[in-house]
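Here is the structure we will look at.
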Amino acid sequence: MRYFLCLILLTLVLVTSGCVTSNHDVTPTQTITIVSTPVPTPTPEPTVTRPLPGIDPIIGSWDNGMVFDADGYINGDKNVTWKANDMLQYSYFVTVESRAVKDIKGGRSVDPTASSAEWIYNPYSDTIHIRDSTAGVRRILLLTVTATPVPAGT
């Protein structure tokens with residue numbers, strides 16, 4: 001019986017020794033909810049090409065294929081000319097002329113003709129449009145793009 005008592009005492013010591021722990025403060029688990037709100041993307045200001053002093057702002061390339069040259073011609077064609085309207089700022093006259101043509105075989109001649117249109121430059125949007133029209137034409141900005149090859153194996 002002495003052995004039995006020692007065995008029970010030893011069992012109790014072993015069981016209670018594994019239960020002894022230091023008292024830790026348990027913090028409750030915090031749940032953080034992140035609400036994803038769209039970050040506002042700032043709208044960039046439009047890039048406006050300001051005309052250089054002493055140079056007409058209409059000079060340059062436009063989206064409709066017209067290239068206003070500094071010498072008063074359009075696309076280098078001597079029959080298509082432009083001239084600033086002295087009576088109104090940012091107003092330009094574009095004149096298209098055709099020369100007289102003689103048809104020797106038919107025995108007739110076609111008289112020379114000329115037609116003109118007034119183009120208005122808008123300095124705030126850097127566009128041009130024909131007077132009484134809302135369809136604007138934007139300037140073509142010449143950009144130099146350098147292409148770099150993709151490394152092999154990528």
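FYI, nothing fancy with the structure tokens labels: chains A, B, ... in order, residues from 1 per chain, ligands from 1 as they appear.
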
Inset, instruction - Determine, counting only C-alpha atoms, which protein, DNA and RNA residues have an atom within 10 Å of an atom of Ser116 (chain A); residues of the same chain fewer than 3 positions away are not included. Present the result as a list in words. - result: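 Neighbouring residues, sequence-local ones excluded: Val80, Thr81, Trp82, Phe93, Val94, Thr95, Val96, Glu97 and Trp119 of chain A.
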
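The smallest atom-to-atom distance between Arg131 (chain A) and any of A:Ser91, A:Lys102, A:Ile8, A:Asp111, using only C-alpha atoms, is found for A:Ser91.
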
Legend entry - Residues within 8 Å of Val137 (chain A), only C-alpha atoms, excluding chain neighbours under 5 positions, as a ChimeraX atom specification: /A:62-64,127-129

Keeping C-alpha atoms for every residue in the selection just given, could you write it to a file as a PDB file, in the first residue's frame?
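The result, stored in again37.pdb:
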```
ATOM      1  CA  TRP A  62      -2.931  70.338 -87.829  1.00  0.00           C
ATOM      2  CA  ASP A  63      -5.016  67.161 -87.516  1.00  0.00           C
ATOM      3  CA  ASN A  64      -6.869  67.767 -90.784  1.00  0.00           C
ATOM      4  CA  THR A 127      -7.455  74.518 -82.012  1.00  0.00           C
ATOM      5  CA  ILE A 128      -8.635  76.030 -85.284  1.00  0.00           C
ATOM      6  CA  HIS A 129     -12.063  75.901 -86.894  1.00  0.00           C
TER       7      HIS A 129
END
```

Legend entry - Contacts of Ser61 (chain A) at 9 Å (only C-alpha atoms; same-chain gap of 6+ positions) as a list in words: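 My reading of the contact set: Val67, Phe68, Asp69, Arg138, Arg139, Ile140, Leu141 and Leu142 of chain A.
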
Write out the residues from the selection above, keeping N, CA and C atoms, as a PDB file, in the first residue's frame.
```
ATOM      1  N   VAL A  67      -0.853  72.078 -93.210  1.00  0.00           N
ATOM      2  CA  VAL A  67       0.378  72.552 -92.600  1.00  0.00           C
ATOM      3  C   VAL A  67       0.539  74.002 -93.012  1.00  0.00           C
ATOM      4  N   PHE A  68       0.339  74.900 -92.060  1.00  0.00           N
ATOM      5  CA  PHE A  68       0.474  76.326 -92.327  1.00  0.00           C
ATOM      6  C   PHE A  68       1.949  76.676 -92.253  1.00  0.00           C
ATOM      7  N   ASP A  69       2.515  77.043 -93.401  1.00  0.00           N
ATOM      8  CA  ASP A  69       3.927  77.394 -93.471  1.00  0.00           C
ATOM      9  C   ASP A  69       4.107  78.863 -93.114  1.00  0.00           C
ATOM     10  N   ARG A 138      -7.266  69.999 -84.003  1.00  0.00           N
ATOM     11  CA  ARG A 138      -6.167  70.132 -83.047  1.00  0.00           C
ATOM     12  C   ARG A 138      -4.817  70.168 -83.743  1.00  0.00           C
ATOM     13  N   ARG A 139      -3.887  70.770 -83.046  1.00  0.00           N
ATOM     14  CA  ARG A 139      -2.508  70.843 -83.532  1.00  0.00           C
ATOM     15  C   ARG A 139      -1.840  69.488 -83.364  1.00  0.00           C
ATOM     16  N   ILE A 140      -0.976  69.130 -84.295  1.00  0.00           N
ATOM     17  CA  ILE A 140      -0.180  67.910 -84.180  1.00  0.00           C
ATOM     18  C   ILE A 140       1.153  68.314 -83.593  1.00  0.00           C
ATOM     19  N   LEU A 141       1.427  67.764 -82.409  1.00  0.00           N
ATOM     20  CA  LEU A 141       2.707  68.034 -81.776  1.00  0.00           C
ATOM     21  C   LEU A 141       3.673  66.945 -82.199  1.00  0.00           C
ATOM     22  N   LEU A 142       4.801  67.348 -82.711  1.00  0.00           N
ATOM     23  CA  LEU A 142       5.800  66.385 -83.158  1.00  0.00           C
ATOM     24  C   LEU A 142       6.568  65.884 -81.953  1.00  0.00           C
TER      25      LEU A 142
END
```

Inset, instruction - From the DSSP assignment of the backbone, select every residue of region 62-117 of chain A that is strand (DSSP E), and format the answer as a ChimeraX atom specification. - result: /A:67-68,73-74,77-84,91-98,101-103,108-110,113-117

Take the residues from that selection and write them out as an mmCIF file, in the first residue's frame, keeping C-alpha atoms.
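Written file, part.cif:
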```cif
data_model
loop_
_atom_site.group_PDB
_atom_site.id
_atom_site.type_symbol
_atom_site.label_atom_id
_atom_site.label_comp_id
_atom_site.auth_asym_id
_atom_site.auth_seq_id
_atom_site.Cartn_x
_atom_site.Cartn_y
_atom_site.Cartn_z
ATOM 1 C CA VAL A 67 0.378 72.552 -92.600
ATOM 2 C CA PHE A 68 0.474 76.326 -92.327
ATOM 3 C CA TYR A 73 1.465 78.834 -98.121
ATOM 4 C CA ILE A 74 -0.330 75.699 -96.969
ATOM 5 C CA ASP A 77 1.323 74.528 -102.419
ATOM 6 C CA LYS A 78 1.624 77.895 -104.203
ATOM 7 C CA ASN A 79 -2.096 77.780 -105.083
ATOM 8 C CA VAL A 80 -3.231 77.536 -101.459
ATOM 9 C CA THR A 81 -2.312 80.542 -99.348
ATOM 10 C CA TRP A 82 -3.185 81.943 -95.929
ATOM 11 C CA LYS A 83 -3.188 85.492 -94.635
ATOM 12 C CA ALA A 84 -3.966 86.991 -91.223
ATOM 13 C CA SER A 91 -8.665 85.174 -87.743
ATOM 14 C CA TYR A 92 -7.062 83.895 -90.952
ATOM 15 C CA PHE A 93 -8.181 83.690 -94.562
ATOM 16 C CA VAL A 94 -7.291 80.565 -96.534
ATOM 17 C CA THR A 95 -7.551 81.073 -100.285
ATOM 18 C CA VAL A 96 -7.476 78.358 -102.944
ATOM 19 C CA GLU A 97 -6.789 79.521 -106.503
ATOM 20 C CA SER A 98 -6.968 77.644 -109.771
ATOM 21 C CA VAL A 101 -6.906 76.249 -118.283
ATOM 22 C CA LYS A 102 -7.129 76.158 -122.069
ATOM 23 C CA ASP A 103 -8.492 73.113 -123.821
ATOM 24 C CA ARG A 108 -12.537 76.374 -124.910
ATOM 25 C CA SER A 109 -10.895 77.829 -121.828
ATOM 26 C CA VAL A 110 -11.750 77.618 -118.155
ATOM 27 C CA THR A 113 -11.263 80.702 -109.902
ATOM 28 C CA ALA A 114 -10.583 81.436 -106.263
ATOM 29 C CA SER A 115 -12.404 80.451 -103.100
ATOM 30 C CA SER A 116 -11.721 81.564 -99.571
ATOM 31 C CA ALA A 117 -12.615 80.386 -96.069
#
```

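The interatomic distance for the pair CA of Glu118 (chain A) and CA of Ile130 (chain A) works out to 5.8 Å.
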
Inset, instruction - Tell me, in Å to one decimal, how far CA of Tyr90 (chain A) is from CA of Tyr121 (chain A). - result: 5.1 Å

Legend entry - Å distance separating CA of Ile58 (chain A) from CA of Pro112 (chain A), one decimal place: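 Going from CA of Ile58 (chain A) over to CA of Pro112 (chain A) covers 27.5 Å.
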